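Beneath this line is the structure, given in structure tokens, with notes to follow.
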Amino acid sequence: MNHIEMLLEGKEAVIFDVDGTLIDSMGVWRDVDIIYLKRHHKEMPENLQRELAGLSIRQAADYFREVIGIDDPPEKMLAEWNELAFQQYRYEIKMKAGALSWLKAIEERGLPMAVGTSNTRMLAMTALQTHGIDTYFKVILTGEDVVKGKPDPYIYQTAAARLGVDPANCLVFEDIPEGIQAGLAAGMKVCAVQDDFSDYQTDKKKALADYYITSFEDIFNDKVEVLA
């Protein structure tokens with residue numbers, strides 16, 4: 001059995017995270033946070049990216065208000081973050097290698113797909129539309145659609161429900177441990193995806209996930225790592 005068949009055997013749907021999974025965008029957010037905090041005369045906490053990992057965009061806004069002490073409404077924060085990141089999402093960020101081919105392969109097999117991202121809807125749609133892949137997804141859920149972000153399973157449970165499929169028959173692709181945990185907690189199989197931003201967590205990702213790939217090209221080259 002080749003690795004395309006292995007991953008999709010018995011599956012009714014495939015669900016994807018976006019940042020760090022389908023697109024190579026995680027590094028953008030450190031730059032955004034540096035500029036944003038400087039605007040508000042705040043120091044950049046050394047562990048900020050780790051603290052925010054998996055949080056929905058609204059949870060991130062709460063963190064900036066309650067922990068960092070920026071007294072702006074969440075809507076104003078989201079607007080600033082969208083403004084700071086938009087140009088990079090629109091013109092600079094690239095898709096992960098093999099991602100488009102994998103989306104096409106899934107579509108050819110008649111399986112519905114969904115997105116479950118912690119990002120804002122504006123930036124998620126900008127990324128998907130810029131690369132012409134938004135039409136592959138029947139359901140697109142963002143951090144603005146959830147109260148609890150990853151590792152809470154809500155976003156993936158909701159995606160499965162909206163697709164009308166059993167979570168146990170879904171496959172999730174994720175790049176950070178919190179996202180992997182969310183997929184597992186929803187009762188789904190999870191394939192971890194390599195990303196430079198989370199390379200320091202590779203062992204943890206492999207300990208959690210069902211599969212691991214260094215890129216989507218691994219799927220076509222039968223190089224998917226099947227984990228215990």
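In the structure tokens, chains take letters A, B, ... by order of appearance, with residues numbered from 1 within each chain and ligands from 1 in the order shown.
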Excluding stretch 79-93 of chain A and residues on its chain fewer than 2 positions from it, collect all residues at most 9 Å away from it, counting only C-alpha atoms, and give them as a PDB file with N, CA, C and O atoms, in the first residue's frame.
ATOM      1  N   ILE A  23       1.024  26.722   4.811  1.00  0.00           N
ATOM      2  CA  ILE A  23       1.866  27.842   4.365  1.00  0.00           C
ATOM      3  C   ILE A  23       2.993  28.089   5.363  1.00  0.00           C
ATOM      4  O   ILE A  23       2.873  27.807   6.554  1.00  0.00           O
ATOM      5  N   ASP A  24       4.069  28.652   4.858  1.00  0.00           N
ATOM      6  CA  ASP A  24       5.280  28.861   5.655  1.00  0.00           C
ATOM      7  C   ASP A  24       5.249  30.269   6.254  1.00  0.00           C
ATOM      8  O   ASP A  24       5.940  31.172   5.811  1.00  0.00           O
ATOM      9  N   SER A  25       4.421  30.439   7.304  1.00  0.00           N
ATOM     10  CA  SER A  25       4.117  31.791   7.792  1.00  0.00           C
ATOM     11  C   SER A  25       4.432  32.040   9.257  1.00  0.00           C
ATOM     12  O   SER A  25       4.275  33.169   9.731  1.00  0.00           O
ATOM     13  N   VAL A  28       6.446  35.072  10.476  1.00  0.00           N
ATOM     14  CA  VAL A  28       5.864  36.411  10.319  1.00  0.00           C
ATOM     15  C   VAL A  28       5.410  36.959  11.667  1.00  0.00           C
ATOM     16  O   VAL A  28       5.548  38.157  11.947  1.00  0.00           O
ATOM     17  N   TRP A  29       4.899  36.079  12.522  1.00  0.00           N
ATOM     18  CA  TRP A  29       4.239  36.560  13.732  1.00  0.00           C
ATOM     19  C   TRP A  29       5.207  37.112  14.756  1.00  0.00           C
ATOM     20  O   TRP A  29       4.850  38.003  15.529  1.00  0.00           O
ATOM     21  N   ASP A  31       7.775  38.935  13.923  1.00  0.00           N
ATOM     22  CA  ASP A  31       7.971  40.299  13.422  1.00  0.00           C
ATOM     23  C   ASP A  31       6.767  41.183  13.736  1.00  0.00           C
ATOM     24  O   ASP A  31       6.914  42.342  14.124  1.00  0.00           O
ATOM     25  N   VAL A  32       5.568  40.638  13.542  1.00  0.00           N
ATOM     26  CA  VAL A  32       4.350  41.397  13.847  1.00  0.00           C
ATOM     27  C   VAL A  32       4.307  41.782  15.322  1.00  0.00           C
ATOM     28  O   VAL A  32       4.016  42.931  15.677  1.00  0.00           O
ATOM     29  N   ASP A  33       4.626  40.827  16.193  1.00  0.00           N
ATOM     30  CA  ASP A  33       4.577  41.099  17.635  1.00  0.00           C
ATOM     31  C   ASP A  33       5.605  42.154  18.037  1.00  0.00           C
ATOM     32  O   ASP A  33       5.318  43.021  18.881  1.00  0.00           O
ATOM     33  N   ILE A  35       6.815  44.651  16.211  1.00  0.00           N
ATOM     34  CA  ILE A  35       6.350  45.966  15.769  1.00  0.00           C
ATOM     35  C   ILE A  35       5.163  46.423  16.604  1.00  0.00           C
ATOM     36  O   ILE A  35       5.089  47.584  17.045  1.00  0.00           O
ATOM     37  N   TYR A  36       4.230  45.510  16.837  1.00  0.00           N
ATOM     38  CA  TYR A  36       3.022  45.850  17.595  1.00  0.00           C
ATOM     39  C   TYR A  36       3.366  46.295  19.016  1.00  0.00           C
ATOM     40  O   TYR A  36       2.865  47.324  19.500  1.00  0.00           O
ATOM     41  N   PRO A  74     -10.382  44.101  21.892  1.00  0.00           N
ATOM     42  CA  PRO A  74      -9.901  43.030  21.021  1.00  0.00           C
ATOM     43  C   PRO A  74     -10.049  43.350  19.533  1.00  0.00           C
ATOM     44  O   PRO A  74      -9.169  43.012  18.742  1.00  0.00           O
ATOM     45  N   GLU A  75     -11.132  44.007  19.162  1.00  0.00           N
ATOM     46  CA  GLU A  75     -11.362  44.314  17.748  1.00  0.00           C
ATOM     47  C   GLU A  75     -10.268  45.234  17.201  1.00  0.00           C
ATOM     48  O   GLU A  75      -9.851  45.093  16.050  1.00  0.00           O
ATOM     49  N   LYS A  76      -9.812  46.170  18.030  1.00  0.00           N
ATOM     50  CA  LYS A  76      -8.741  47.074  17.603  1.00  0.00           C
ATOM     51  C   LYS A  76      -7.427  46.315  17.445  1.00  0.00           C
ATOM     52  O   LYS A  76      -6.654  46.556  16.513  1.00  0.00           O
ATOM     53  N   MET A  77      -7.169  45.384  18.367  1.00  0.00           N
ATOM     54  CA  MET A  77      -5.970  44.559  18.268  1.00  0.00           C
ATOM     55  C   MET A  77      -5.976  43.739  16.983  1.00  0.00           C
ATOM     56  O   MET A  77      -4.983  43.696  16.243  1.00  0.00           O
ATOM     57  N   MET A  95       3.524  28.617  -0.083  1.00  0.00           N
ATOM     58  CA  MET A  95       2.930  27.358   0.348  1.00  0.00           C
ATOM     59  C   MET A  95       4.031  26.364   0.689  1.00  0.00           C
ATOM     60  O   MET A  95       5.146  26.430   0.162  1.00  0.00           O
ATOM     61  N   THR A 120      -6.793  35.002  12.154  1.00  0.00           N
ATOM     62  CA  THR A 120      -7.977  35.780  11.822  1.00  0.00           C
ATOM     63  C   THR A 120      -8.543  35.290  10.492  1.00  0.00           C
ATOM     64  O   THR A 120      -7.836  34.713   9.657  1.00  0.00           O
ATOM     65  N   MET A 122      -9.556  37.191   8.051  1.00  0.00           N
ATOM     66  CA  MET A 122      -8.994  37.984   6.963  1.00  0.00           C
ATOM     67  C   MET A 122      -7.670  37.410   6.482  1.00  0.00           C
ATOM     68  O   MET A 122      -7.445  37.241   5.273  1.00  0.00           O
ATOM     69  N   LEU A 123      -6.763  37.103   7.413  1.00  0.00           N
ATOM     70  CA  LEU A 123      -5.447  36.615   7.012  1.00  0.00           C
ATOM     71  C   LEU A 123      -5.516  35.183   6.490  1.00  0.00           C
ATOM     72  O   LEU A 123      -4.813  34.832   5.534  1.00  0.00           O
ATOM     73  N   ALA A 124      -6.354  34.363   7.097  1.00  0.00           N
ATOM     74  CA  ALA A 124      -6.505  32.991   6.604  1.00  0.00           C
ATOM     75  C   ALA A 124      -7.026  32.993   5.175  1.00  0.00           C
ATOM     76  O   ALA A 124      -6.497  32.291   4.304  1.00  0.00           O
ATOM     77  N   THR A 126      -6.878  35.485   3.038  1.00  0.00           N
ATOM     78  CA  THR A 126      -5.863  36.085   2.177  1.00  0.00           C
ATOM     79  C   THR A 126      -4.853  35.025   1.734  1.00  0.00           C
ATOM     80  O   THR A 126      -4.506  34.932   0.554  1.00  0.00           O
ATOM     81  N   ALA A 127      -4.389  34.220   2.685  1.00  0.00           N
ATOM     82  CA  ALA A 127      -3.425  33.166   2.365  1.00  0.00           C
ATOM     83  C   ALA A 127      -4.016  32.146   1.401  1.00  0.00           C
ATOM     84  O   ALA A 127      -3.393  31.781   0.393  1.00  0.00           O
ATOM     85  N   GLN A 129      -6.683  32.384  -0.607  1.00  0.00           N
ATOM     86  CA  GLN A 129      -7.058  32.943  -1.912  1.00  0.00           C
ATOM     87  C   GLN A 129      -5.844  33.333  -2.743  1.00  0.00           C
ATOM     88  O   GLN A 129      -5.845  33.176  -3.970  1.00  0.00           O
ATOM     89  N   THR A 130      -4.801  33.846  -2.087  1.00  0.00           N
ATOM     90  CA  THR A 130      -3.588  34.217  -2.810  1.00  0.00           C
ATOM     91  C   THR A 130      -3.005  33.023  -3.560  1.00  0.00           C
ATOM     92  O   THR A 130      -2.530  33.152  -4.692  1.00  0.00           O
TER      93      THR A 130
END
I'd like the contact shell of A:Gly20 - 10 Å cut-off, only C-alpha atoms, skipping same-chain residues fewer than 2 positions apart - returned as a VMD selection string.
chain A and resid 17 to 18 22 to 27 95 to 96 174 to 176 193 to 198
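Assigned to strand (DSSP E or B) in chain A, given DSSP computed from backbone atoms, are A:Ala13, A:Val14, A:Ile15, A:Phe16, A:Asp19, A:Ile23, A:Met95, A:Met113, A:Ala114, A:Val115, A:Gly116, A:Val139, A:Ile140, A:Leu141, A:Cys170, A:Leu171, A:Val172, A:Phe173, A:Glu174, A:Lys189, A:Val190, A:Cys191, A:Ala192, A:Val193, A:Tyr211, A:Tyr212, A:Ile213, A:Glu225, A:Val226.
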For the residues in that selection, give me N, CA and C atoms as a compact mmCIF listing (two decimals), in the first residue's frame.
# COMPACT_ATOMS: atom_id res chain seq x y z
N ALA A 13 -12.90 12.54 5.65
CA ALA A 13 -12.57 13.96 5.46
C ALA A 13 -11.14 14.21 5.92
N VAL A 14 -10.57 15.30 5.42
CA VAL A 14 -9.22 15.73 5.82
C VAL A 14 -9.30 17.20 6.24
N ILE A 15 -8.68 17.51 7.38
CA ILE A 15 -8.75 18.86 7.94
C ILE A 15 -7.33 19.39 8.12
N PHE A 16 -7.14 20.65 7.78
CA PHE A 16 -5.82 21.26 7.82
C PHE A 16 -5.78 22.49 8.71
N ASP A 19 -1.31 28.04 9.19
CA ASP A 19 0.02 28.61 9.45
C ASP A 19 0.99 27.53 9.91
N ILE A 23 1.02 26.72 4.81
CA ILE A 23 1.87 27.84 4.36
C ILE A 23 2.99 28.09 5.36
N MET A 95 3.52 28.62 -0.08
CA MET A 95 2.93 27.36 0.35
C MET A 95 4.03 26.36 0.69
N MET A 113 -12.77 18.54 2.43
CA MET A 113 -11.70 19.10 3.25
C MET A 113 -12.18 20.33 4.00
N ALA A 114 -11.51 20.59 5.13
CA ALA A 114 -11.83 21.76 5.95
C ALA A 114 -10.54 22.38 6.46
N VAL A 115 -10.65 23.62 6.90
CA VAL A 115 -9.56 24.34 7.55
C VAL A 115 -9.98 24.64 8.98
N GLY A 116 -9.03 24.46 9.90
CA GLY A 116 -9.24 24.86 11.29
C GLY A 116 -8.01 25.61 11.76
N VAL A 139 -15.41 23.81 4.43
CA VAL A 139 -15.58 24.49 5.71
C VAL A 139 -14.28 25.19 6.06
N ILE A 140 -14.36 26.45 6.47
CA ILE A 140 -13.19 27.20 6.91
C ILE A 140 -13.51 27.84 8.25
N LEU A 141 -12.88 27.34 9.30
CA LEU A 141 -13.07 27.86 10.65
C LEU A 141 -11.80 28.58 11.08
N CYS A 170 -11.65 11.14 10.45
CA CYS A 170 -11.00 12.33 9.91
C CYS A 170 -9.48 12.26 10.12
N LEU A 171 -8.76 12.88 9.19
CA LEU A 171 -7.31 13.01 9.30
C LEU A 171 -6.96 14.49 9.37
N VAL A 172 -6.15 14.86 10.36
CA VAL A 172 -5.76 16.26 10.58
C VAL A 172 -4.27 16.43 10.28
N PHE A 173 -3.92 17.56 9.69
CA PHE A 173 -2.52 17.93 9.49
C PHE A 173 -2.23 19.16 10.33
N GLU A 174 -1.19 19.06 11.17
CA GLU A 174 -0.87 20.11 12.15
C GLU A 174 0.64 20.24 12.32
N LYS A 189 -7.24 11.04 13.66
CA LYS A 189 -5.84 10.72 13.38
C LYS A 189 -5.13 12.01 13.02
N VAL A 190 -3.87 12.14 13.42
CA VAL A 190 -3.14 13.39 13.17
C VAL A 190 -1.78 13.10 12.55
N CYS A 191 -1.49 13.85 11.48
CA CYS A 191 -0.17 13.82 10.87
C CYS A 191 0.54 15.12 11.20
N ALA A 192 1.67 15.02 11.88
CA ALA A 192 2.46 16.20 12.22
C ALA A 192 3.29 16.61 11.01
N VAL A 193 3.43 17.94 10.84
CA VAL A 193 4.14 18.50 9.70
C VAL A 193 5.35 19.28 10.21
N TYR A 211 1.39 10.19 12.62
CA TYR A 211 2.31 10.21 11.48
C TYR A 211 3.14 11.49 11.53
N TYR A 212 4.25 11.48 10.79
CA TYR A 212 5.09 12.69 10.70
C TYR A 212 5.64 12.81 9.28
N ILE A 213 5.59 14.05 8.75
CA ILE A 213 6.18 14.31 7.44
C ILE A 213 7.08 15.54 7.53
N GLU A 225 6.47 8.98 8.05
CA GLU A 225 6.92 8.26 9.23
C GLU A 225 5.70 7.83 10.04
N VAL A 226 5.52 6.53 10.17
CA VAL A 226 4.41 5.99 10.96
C VAL A 226 4.90 5.85 12.39
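Note that atom CA of A:Ala61 and atom CA of A:Pro73 are 8.3 Å apart.
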Looking only at the backbone, which of the residues in chain A does DSSP tag as helix (DSSP H, G or I), as a PyMOL selection string?
chain A and resi 3-8+26-39+48-52+57-68+74-91+99-108+121-130+134-136+154-163+167-169+177-185+196-208+217-220
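With only C-alpha atoms as the basis for measurement, A:Ile155 is the residue among A:Ala209, A:Ala105, A:Ile4, A:Ile155 that approaches A:Leu55 most closely.
Of the residues listed (A:Ala159, A:Ile70, A:Leu103, A:Leu48), A:Leu103 shows the shortest atom-to-atom separation from A:Gly132; distances use only C-alpha atoms.
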When you look at A:Gly143 with a cut-off of 10 Å (counting only C-alpha atoms), what residues show up, excluding the ones that are within fewer than 5 positions of it in the same chain? I need them as number ranges by chain.
A: 54-60, 116-121, 124, 148-150, 155
Would you export the selected residues with N, CA, C and O atoms as an mmCIF file, in the first residue's frame, please?
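Here's the written file selection06.cif:
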data_model
loop_
_atom_site.group_PDB
_atom_site.id
_atom_site.type_symbol
_atom_site.label_atom_id
_atom_site.label_comp_id
_atom_site.auth_asym_id
_atom_site.auth_seq_id
_atom_site.Cartn_x
_atom_site.Cartn_y
_atom_site.Cartn_z
ATOM 1 N N GLY A 54 -1.161 27.989 19.664
ATOM 2 C CA GLY A 54 -2.445 27.301 19.695
ATOM 3 C C GLY A 54 -3.622 28.165 20.090
ATOM 4 O O GLY A 54 -4.771 27.804 19.845
ATOM 5 N N LEU A 55 -3.364 29.315 20.737
ATOM 6 C CA LEU A 55 -4.469 30.162 21.169
ATOM 7 C C LEU A 55 -5.246 30.694 19.977
ATOM 8 O O LEU A 55 -4.669 31.010 18.939
ATOM 9 N N SER A 56 -6.556 30.795 20.122
ATOM 10 C CA SER A 56 -7.335 31.472 19.093
ATOM 11 C C SER A 56 -6.926 32.936 19.078
ATOM 12 O O SER A 56 -6.343 33.454 20.042
ATOM 13 N N ILE A 57 -7.231 33.617 18.005
ATOM 14 C CA ILE A 57 -6.841 35.019 17.889
ATOM 15 C C ILE A 57 -7.482 35.855 18.992
ATOM 16 O O ILE A 57 -6.892 36.824 19.483
ATOM 17 N N ARG A 58 -8.665 35.487 19.421
ATOM 18 C CA ARG A 58 -9.326 36.229 20.508
ATOM 19 C C ARG A 58 -8.689 35.915 21.860
ATOM 20 O O ARG A 58 -8.585 36.785 22.723
ATOM 21 N N GLN A 59 -8.258 34.687 22.048
ATOM 22 C CA GLN A 59 -7.518 34.361 23.263
ATOM 23 C C GLN A 59 -6.190 35.099 23.298
ATOM 24 O O GLN A 59 -5.746 35.546 24.361
ATOM 25 N N ALA A 60 -5.558 35.242 22.131
ATOM 26 C CA ALA A 60 -4.310 36.001 22.056
ATOM 27 C C ALA A 60 -4.543 37.454 22.450
ATOM 28 O O ALA A 60 -3.741 38.058 23.174
ATOM 29 N N GLY A 116 -9.029 24.458 9.904
ATOM 30 C CA GLY A 116 -9.237 24.858 11.290
ATOM 31 C C GLY A 116 -8.010 25.614 11.762
ATOM 32 O O GLY A 116 -7.012 25.005 12.146
ATOM 33 N N THR A 117 -8.062 26.947 11.702
ATOM 34 C CA THR A 117 -6.899 27.773 12.018
ATOM 35 C C THR A 117 -7.182 28.717 13.175
ATOM 36 O O THR A 117 -8.312 29.168 13.355
ATOM 37 N N SER A 118 -6.143 29.030 13.935
ATOM 38 C CA SER A 118 -6.269 29.983 15.039
ATOM 39 C C SER A 118 -6.168 31.430 14.558
ATOM 40 O O SER A 118 -6.391 32.355 15.335
ATOM 41 N N ASN A 119 -5.829 31.625 13.298
ATOM 42 C CA ASN A 119 -5.593 32.963 12.758
ATOM 43 C C ASN A 119 -6.903 33.723 12.550
ATOM 44 O O ASN A 119 -7.994 33.169 12.705
ATOM 45 N N THR A 120 -6.793 35.002 12.154
ATOM 46 C CA THR A 120 -7.977 35.780 11.822
ATOM 47 C C THR A 120 -8.543 35.290 10.492
ATOM 48 O O THR A 120 -7.836 34.713 9.657
ATOM 49 N N ARG A 121 -9.827 35.539 10.290
ATOM 50 C CA ARG A 121 -10.443 35.141 9.025
ATOM 51 C C ARG A 121 -9.824 35.906 7.852
ATOM 52 O O ARG A 121 -9.581 35.339 6.788
ATOM 53 N N ALA A 124 -6.354 34.363 7.097
ATOM 54 C CA ALA A 124 -6.505 32.991 6.604
ATOM 55 C C ALA A 124 -7.026 32.993 5.175
ATOM 56 O O ALA A 124 -6.497 32.291 4.304
ATOM 57 N N LYS A 148 -12.535 28.761 22.694
ATOM 58 C CA LYS A 148 -11.329 28.092 23.169
ATOM 59 C C LYS A 148 -10.482 27.640 21.992
ATOM 60 O O LYS A 148 -10.961 26.942 21.094
ATOM 61 N N GLY A 149 -9.208 28.047 21.982
ATOM 62 C CA GLY A 149 -8.294 27.620 20.929
ATOM 63 C C GLY A 149 -7.697 26.257 21.226
ATOM 64 O O GLY A 149 -8.024 25.610 22.223
ATOM 65 N N LYS A 150 -6.822 25.834 20.355
ATOM 66 C CA LYS A 150 -6.105 24.574 20.539
ATOM 67 C C LYS A 150 -5.215 24.681 21.783
ATOM 68 O O LYS A 150 -4.686 25.756 22.037
ATOM 69 N N ILE A 155 -12.526 23.321 17.638
ATOM 70 C CA ILE A 155 -12.457 23.733 16.232
ATOM 71 C C ILE A 155 -12.491 22.533 15.297
ATOM 72 O O ILE A 155 -13.126 22.574 14.233
#
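Among A:Leu128, A:Thr158, A:Ala53, A:Val146, the residue with the shortest atom-to-atom distance to A:Ala99, counting only C-alpha atoms, is A:Leu128.
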